[in-house]
There are 2 protein chains.
Amino acid sequence: MAEVWAFEDFEEGGTIDLGSATVTAEEIVEFAGEFDPQPMHLDEQAGRQGILGGLSASGWHSCAVFMRLFCDGLLLASTSQGSPGVDFVKWKKPVLAGDRLSARITVMNKRLSRSRPSLGLVSMRSEMFNQRGESVFELENTIMFLTRQAAAAG
Amino acid sequence: MAEVWAFEDFEEGGTIDLGSATVTAEEIVEFAGEFDPQPMHLDEQAGRQGILGGLSASGWHSCAVFMRLFCDGLLLASTSQGSPGVDFVKWKKPVLAGDRLSARITVMNKRLSRSRPSLGLVSMRSEMFNQRGESVFELENTIMFLTRQAAAAG
């Protein structure tokens, strides 16, 4: 693994494991209380009565958990110049209290910017799996990374 | 405005204002410390030196702020049955500490589910504007709502 991920280090078709995190009931309720106070994200009983089958994380909480794994596993030690957004997010299965989520990215394609050759665009599919190996979350987006040379030049 | 939003209450082409929220420096740093600890989301000085021009909210924080406005302005008083994901998210401009964001949704189209006629699918474009009226954030997705009749039948 590269010490600092620059544009050159991404390989089309390659995968990168980002580690895992457990999503606790306390974290689910705290996030939901601030940002998504729907009953199934706040209360175990309400969750069981609903279609998600238990106290379940807000879909946006799943995005945030993914982002933390992505930061710790790659982005904070990279030449990232940010991203204009995401192409899609799929909440494929409920994320329930106590689930352990593992994140993995797949490099779909990469290319240098035509207008700014110090910069490369890397398109990624990102996915999280629960402790049963089920894919619960997927997103795709494109992130800008400086080339190693441009980063070294500061 | 409907007391409880059911499928029938959404009008294609109609817009719904969801109110506004100020994003404080403290909130930006707190969210970033937990989920997106990149320097420009944690530190004013680092933000000024970067491309975003100041202490700026994580893109995922913007999503979460939108979700709260959506919950308070519509979703919590609705027949929502959830959403499978989002079609895209665009982070169009930086959200800086102290910005006041107003959210508005536009109903793009709606249709009853073929397999389950008690359920309707409503596709929405959601947008947030800052205090200067600049569009800073956009997403599109489809949300499932029960019909009024189905909701009344429990």
# chains A, B, ... in the order shown; residues from 1 in each chain; ligands from 1
call {"tool": "closest_atom_pairs", "arguments": {"of": "chain A", "to": "chain B", "cutoff": "8 Å", "atoms": "only C-alpha atoms", "output": "Markdown table"}}
result
| residue | atom | partner | partner_atom | distance |
| --- | --- | --- | --- | --- |
| A:Glu34 | CA | B:Arg68 | CA | 7.4 |
| A:Phe35 | CA | B:Arg68 | CA | 4.6 |
| A:Asp36 | CA | B:Arg68 | CA | 5.5 |
| A:Pro37 | CA | B:Cys71 | CA | 7.1 |
| A:Gln38 | CA | B:Leu76 | CA | 6.6 |
| A:Gly59 | CA | B:Gly85 | CA | 7.8 |
| A:Trp60 | CA | B:Ala64 | CA | 6.3 |
| A:Cys63 | CA | B:Trp60 | CA | 7.1 |
| A:Ala64 | CA | B:Phe35 | CA | 5.5 |
| A:Val65 | CA | B:Phe35 | CA | 6.4 |
| A:Met67 | CA | B:Asp36 | CA | 6.1 |
| A:Arg68 | CA | B:Phe35 | CA | 4.6 |
| A:Cys71 | CA | B:Asp36 | CA | 6.5 |
| A:Leu76 | CA | B:Gln38 | CA | 6.6 |
| A:Pro84 | CA | B:Trp91 | CA | 5.4 |
| A:Gly85 | CA | B:Lys90 | CA | 4.4 |
| A:Val86 | CA | B:Val89 | CA | 5.2 |
| A:Asp87 | CA | B:Phe88 | CA | 4.7 |
| A:Phe88 | CA | B:Phe88 | CA | 4.6 |
| A:Val89 | CA | B:Val86 | CA | 5.2 |
| A:Lys90 | CA | B:Gly85 | CA | 4.3 |
| A:Trp91 | CA | B:Gly85 | CA | 5.2 |
| A:Lys92 | CA | B:Pro84 | CA | 6.7 |
call {"tool": "residues_around", "arguments": {"residues": "Ala25 of chain B", "least_positions_apart": "3", "cutoff": "12 Å", "atoms": "only C-alpha atoms", "output": "list of chain:residue names"}}
result
B:Thr22, B:Ile28, B:Val29, B:Glu30, B:Phe31, B:Ala32, B:Met40, B:His41, B:Leu42, B:Asp43, B:Glu44, B:Gly47, B:Gly54, B:Leu55, B:Ser56, B:Ala57, B:Ser58, B:Val95, B:Leu96, B:Ala97, B:Gly98, B:Asp99, B:Arg100
call {"tool": "write_last_selection", "arguments": {"atoms": "N, CA and C atoms", "output": "compact mmCIF listing (two decimals), in the first residue's frame"}}
result
# COMPACT_ATOMS: atom_id res chain seq x y z
N THR B 22 -29.02 27.35 10.27
CA THR B 22 -27.66 27.89 10.23
C THR B 22 -26.68 26.81 10.63
N ILE B 28 -19.88 22.09 12.47
CA ILE B 28 -19.01 21.61 11.39
C ILE B 28 -17.86 20.78 11.97
N VAL B 29 -17.22 21.31 13.01
CA VAL B 29 -16.07 20.63 13.60
C VAL B 29 -16.50 19.34 14.30
N GLU B 30 -17.66 19.37 14.94
CA GLU B 30 -18.13 18.18 15.64
C GLU B 30 -18.43 17.04 14.65
N PHE B 31 -19.14 17.37 13.59
CA PHE B 31 -19.46 16.34 12.59
C PHE B 31 -18.17 15.80 11.98
N ALA B 32 -17.28 16.71 11.60
CA ALA B 32 -16.05 16.29 10.93
C ALA B 32 -15.18 15.45 11.85
N MET B 40 -9.74 20.80 6.29
CA MET B 40 -10.61 21.96 5.97
C MET B 40 -11.96 21.90 6.63
N HIS B 41 -12.30 20.72 7.22
CA HIS B 41 -13.56 20.61 7.97
C HIS B 41 -13.34 20.76 9.48
N LEU B 42 -12.07 20.85 9.88
CA LEU B 42 -11.74 20.86 11.31
C LEU B 42 -11.14 22.18 11.79
N ASP B 43 -10.61 22.96 10.84
CA ASP B 43 -9.78 24.09 11.24
C ASP B 43 -9.94 25.25 10.26
N GLU B 44 -10.24 26.42 10.80
CA GLU B 44 -10.47 27.62 9.99
C GLU B 44 -9.24 27.95 9.13
N GLY B 47 -8.79 25.56 6.35
CA GLY B 47 -9.83 25.82 5.36
C GLY B 47 -9.47 27.00 4.46
N GLY B 54 -12.37 28.46 3.56
CA GLY B 54 -12.70 28.69 4.96
C GLY B 54 -13.07 27.37 5.62
N LEU B 55 -13.44 27.46 6.89
CA LEU B 55 -13.92 26.26 7.60
C LEU B 55 -15.21 25.82 6.93
N SER B 56 -15.19 24.64 6.32
CA SER B 56 -16.31 24.23 5.47
C SER B 56 -16.87 22.91 5.93
N ALA B 57 -18.17 22.76 5.80
CA ALA B 57 -18.85 21.54 6.23
C ALA B 57 -18.49 20.38 5.32
N SER B 58 -18.31 19.21 5.90
CA SER B 58 -18.23 17.97 5.12
C SER B 58 -19.45 17.88 4.20
N VAL B 95 -20.03 24.96 1.84
CA VAL B 95 -20.90 25.42 2.94
C VAL B 95 -19.95 25.85 4.05
N LEU B 96 -19.90 27.15 4.33
CA LEU B 96 -18.94 27.68 5.28
C LEU B 96 -19.61 27.96 6.63
N ALA B 97 -18.79 28.00 7.67
CA ALA B 97 -19.29 28.26 9.03
C ALA B 97 -20.13 29.54 9.04
N GLY B 98 -21.31 29.44 9.61
CA GLY B 98 -22.21 30.58 9.69
C GLY B 98 -23.20 30.69 8.55
N ASP B 99 -23.03 29.89 7.52
CA ASP B 99 -23.98 29.93 6.40
C ASP B 99 -25.37 29.50 6.86
N ARG B 100 -26.37 30.19 6.33
CA ARG B 100 -27.76 29.80 6.59
C ARG B 100 -28.31 29.13 5.34
call {"tool": "select_by_dssp", "arguments": {"residues": "segment 3-71 of chain A", "states": "alpha helix (DSSP H)", "output": "VMD selection string"}}
result
chain A and resid 25 to 35 39 to 42 44 to 49 59 to 71
call {"tool": "write_last_selection", "arguments": {"atoms": "C-alpha atoms", "output": "PDB file, in the first residue's frame"}}
result
ATOM      1  CA  ALA A  25     -27.335   1.550  19.232  1.00  0.00           C
ATOM      2  CA  GLU A  26     -26.072   4.679  20.996  1.00  0.00           C
ATOM      3  CA  GLU A  27     -24.460   6.008  17.824  1.00  0.00           C
ATOM      4  CA  ILE A  28     -27.581   5.278  15.763  1.00  0.00           C
ATOM      5  CA  VAL A  29     -29.832   7.140  18.210  1.00  0.00           C
ATOM      6  CA  GLU A  30     -27.409  10.048  18.565  1.00  0.00           C
ATOM      7  CA  PHE A  31     -27.091  10.588  14.813  1.00  0.00           C
ATOM      8  CA  ALA A  32     -30.831  10.233  14.266  1.00  0.00           C
ATOM      9  CA  GLY A  33     -31.685  12.592  17.110  1.00  0.00           C
ATOM     10  CA  GLU A  34     -29.639  15.275  15.441  1.00  0.00           C
ATOM     11  CA  PHE A  35     -30.284  14.675  11.752  1.00  0.00           C
ATOM     12  CA  PRO A  39     -38.986   6.497  14.846  1.00  0.00           C
ATOM     13  CA  MET A  40     -37.130   3.451  13.431  1.00  0.00           C
ATOM     14  CA  HIS A  41     -33.813   5.269  13.895  1.00  0.00           C
ATOM     15  CA  LEU A  42     -34.610   6.326  17.468  1.00  0.00           C
ATOM     16  CA  GLU A  44     -35.839  -0.373  19.089  1.00  0.00           C
ATOM     17  CA  GLN A  45     -39.545  -1.097  19.493  1.00  0.00           C
ATOM     18  CA  ALA A  46     -40.542   1.246  16.655  1.00  0.00           C
ATOM     19  CA  GLY A  47     -37.851  -0.342  14.493  1.00  0.00           C
ATOM     20  CA  ARG A  48     -39.168  -3.844  15.109  1.00  0.00           C
ATOM     21  CA  GLN A  49     -42.673  -2.804  14.153  1.00  0.00           C
ATOM     22  CA  GLY A  59     -29.106   6.005   5.527  1.00  0.00           C
ATOM     23  CA  TRP A  60     -27.123   9.204   5.974  1.00  0.00           C
ATOM     24  CA  HIS A  61     -25.489   7.724   9.054  1.00  0.00           C
ATOM     25  CA  SER A  62     -24.311   4.829   6.884  1.00  0.00           C
ATOM     26  CA  CYS A  63     -22.813   7.378   4.489  1.00  0.00           C
ATOM     27  CA  ALA A  64     -21.028   9.052   7.396  1.00  0.00           C
ATOM     28  CA  VAL A  65     -19.690   5.742   8.742  1.00  0.00           C
ATOM     29  CA  PHE A  66     -18.402   4.926   5.273  1.00  0.00           C
ATOM     30  CA  MET A  67     -16.734   8.338   5.030  1.00  0.00           C
ATOM     31  CA  ARG A  68     -14.907   7.786   8.310  1.00  0.00           C
ATOM     32  CA  LEU A  69     -13.582   4.422   7.125  1.00  0.00           C
ATOM     33  CA  PHE A  70     -12.581   6.002   3.812  1.00  0.00           C
ATOM     34  CA  CYS A  71     -10.773   8.842   5.614  1.00  0.00           C
TER      35      CYS A  71
END
call {"tool": "residues_around", "arguments": {"residues": "Arg104 of chain B", "least_positions_apart": "6", "cutoff": "12 Å", "atoms": "only C-alpha atoms", "output": "list in words"}}
result
Gly14, Thr15, Ile16, Asp17, Leu18, Gly19, Ser20, Phe66, Met67, Leu69, Phe70, Gly73, Leu74, Met124, Arg125, Ser126, Glu127, Met128, Phe129, Asn130, Gly133, Ser135, Val136, Phe137, Glu138, Leu139 and Glu140 of chain B
call {"tool": "select_by_dssp", "arguments": {"residues": "segment 37-132 of chain A", "states": "strand (DSSP E or B)", "output": "PDB file with C-alpha atoms, in the first residue's frame"}}
result
ATOM      1  CA  SER A  56     -31.692   0.843  12.206  1.00  0.00           C
ATOM      2  CA  SER A  78      -3.619  10.962  -0.043  1.00  0.00           C
ATOM      3  CA  SER A  80      -7.101  14.222  -2.625  1.00  0.00           C
ATOM      4  CA  GLY A  85     -20.566  14.812  -5.356  1.00  0.00           C
ATOM      5  CA  VAL A  86     -21.701  11.227  -5.704  1.00  0.00           C
ATOM      6  CA  PHE A  88     -25.582   7.394  -6.573  1.00  0.00           C
ATOM      7  CA  VAL A  89     -26.044   5.917  -3.116  1.00  0.00           C
ATOM      8  CA  LYS A  90     -27.909   2.644  -2.572  1.00  0.00           C
ATOM      9  CA  TRP A  91     -29.170   1.650   0.856  1.00  0.00           C
ATOM     10  CA  LEU A  96     -29.038  -2.576  12.536  1.00  0.00           C
ATOM     11  CA  ARG A 100     -20.112  -4.565  11.989  1.00  0.00           C
ATOM     12  CA  LEU A 101     -19.519  -2.908   8.616  1.00  0.00           C
ATOM     13  CA  SER A 102     -16.469  -3.506   6.427  1.00  0.00           C
ATOM     14  CA  ALA A 103     -15.774  -1.108   3.576  1.00  0.00           C
ATOM     15  CA  ARG A 104     -14.084  -1.787   0.270  1.00  0.00           C
ATOM     16  CA  ILE A 105     -13.539   0.349  -2.783  1.00  0.00           C
ATOM     17  CA  THR A 106     -13.025  -0.750  -6.367  1.00  0.00           C
ATOM     18  CA  VAL A 107     -11.254   1.544  -8.806  1.00  0.00           C
ATOM     19  CA  MET A 108     -13.510   1.716 -11.853  1.00  0.00           C
ATOM     20  CA  ASN A 109     -11.410   3.996 -14.047  1.00  0.00           C
ATOM     21  CA  LYS A 110      -8.938   6.851 -13.878  1.00  0.00           C
ATOM     22  CA  ARG A 111      -7.781   9.582 -16.220  1.00  0.00           C
ATOM     23  CA  LEU A 112      -5.732  12.750 -16.124  1.00  0.00           C
ATOM     24  CA  LEU A 119      -4.752  16.458 -11.496  1.00  0.00           C
ATOM     25  CA  GLY A 120      -6.287  13.038 -12.052  1.00  0.00           C
ATOM     26  CA  LEU A 121      -9.870  11.848 -11.769  1.00  0.00           C
ATOM     27  CA  VAL A 122     -10.443   8.467 -10.123  1.00  0.00           C
ATOM     28  CA  SER A 123     -13.907   6.909 -10.313  1.00  0.00           C
ATOM     29  CA  MET A 124     -14.660   4.481  -7.510  1.00  0.00           C
ATOM     30  CA  ARG A 125     -17.371   2.085  -6.448  1.00  0.00           C
ATOM     31  CA  SER A 126     -17.548   1.925  -2.668  1.00  0.00           C
ATOM     32  CA  GLU A 127     -19.336  -0.799  -0.793  1.00  0.00           C
ATOM     33  CA  MET A 128     -19.970  -1.855   2.812  1.00  0.00           C
ATOM     34  CA  PHE A 129     -20.695  -5.391   3.980  1.00  0.00           C
TER      35      PHE A 129
END
call {"tool": "atom_distance", "arguments": {"atom1": "atom CA of Ala77 of chain B", "atom2": "atom CA of Pro94 of chain A"}}
result
22.2 Å
call {"tool": "atom_distance", "arguments": {"atom1": "atom CA of Val23 of chain A", "atom2": "atom CA of Gln131 of chain A"}}
result
11.3 Å
call {"tool": "closest_residue", "arguments": {"among": "B:Ala6, B:Ala152, B:Leu146, B:Thr79", "to": "Arg116 of chain B", "atoms": "only C-alpha atoms"}}
result
B:Leu146
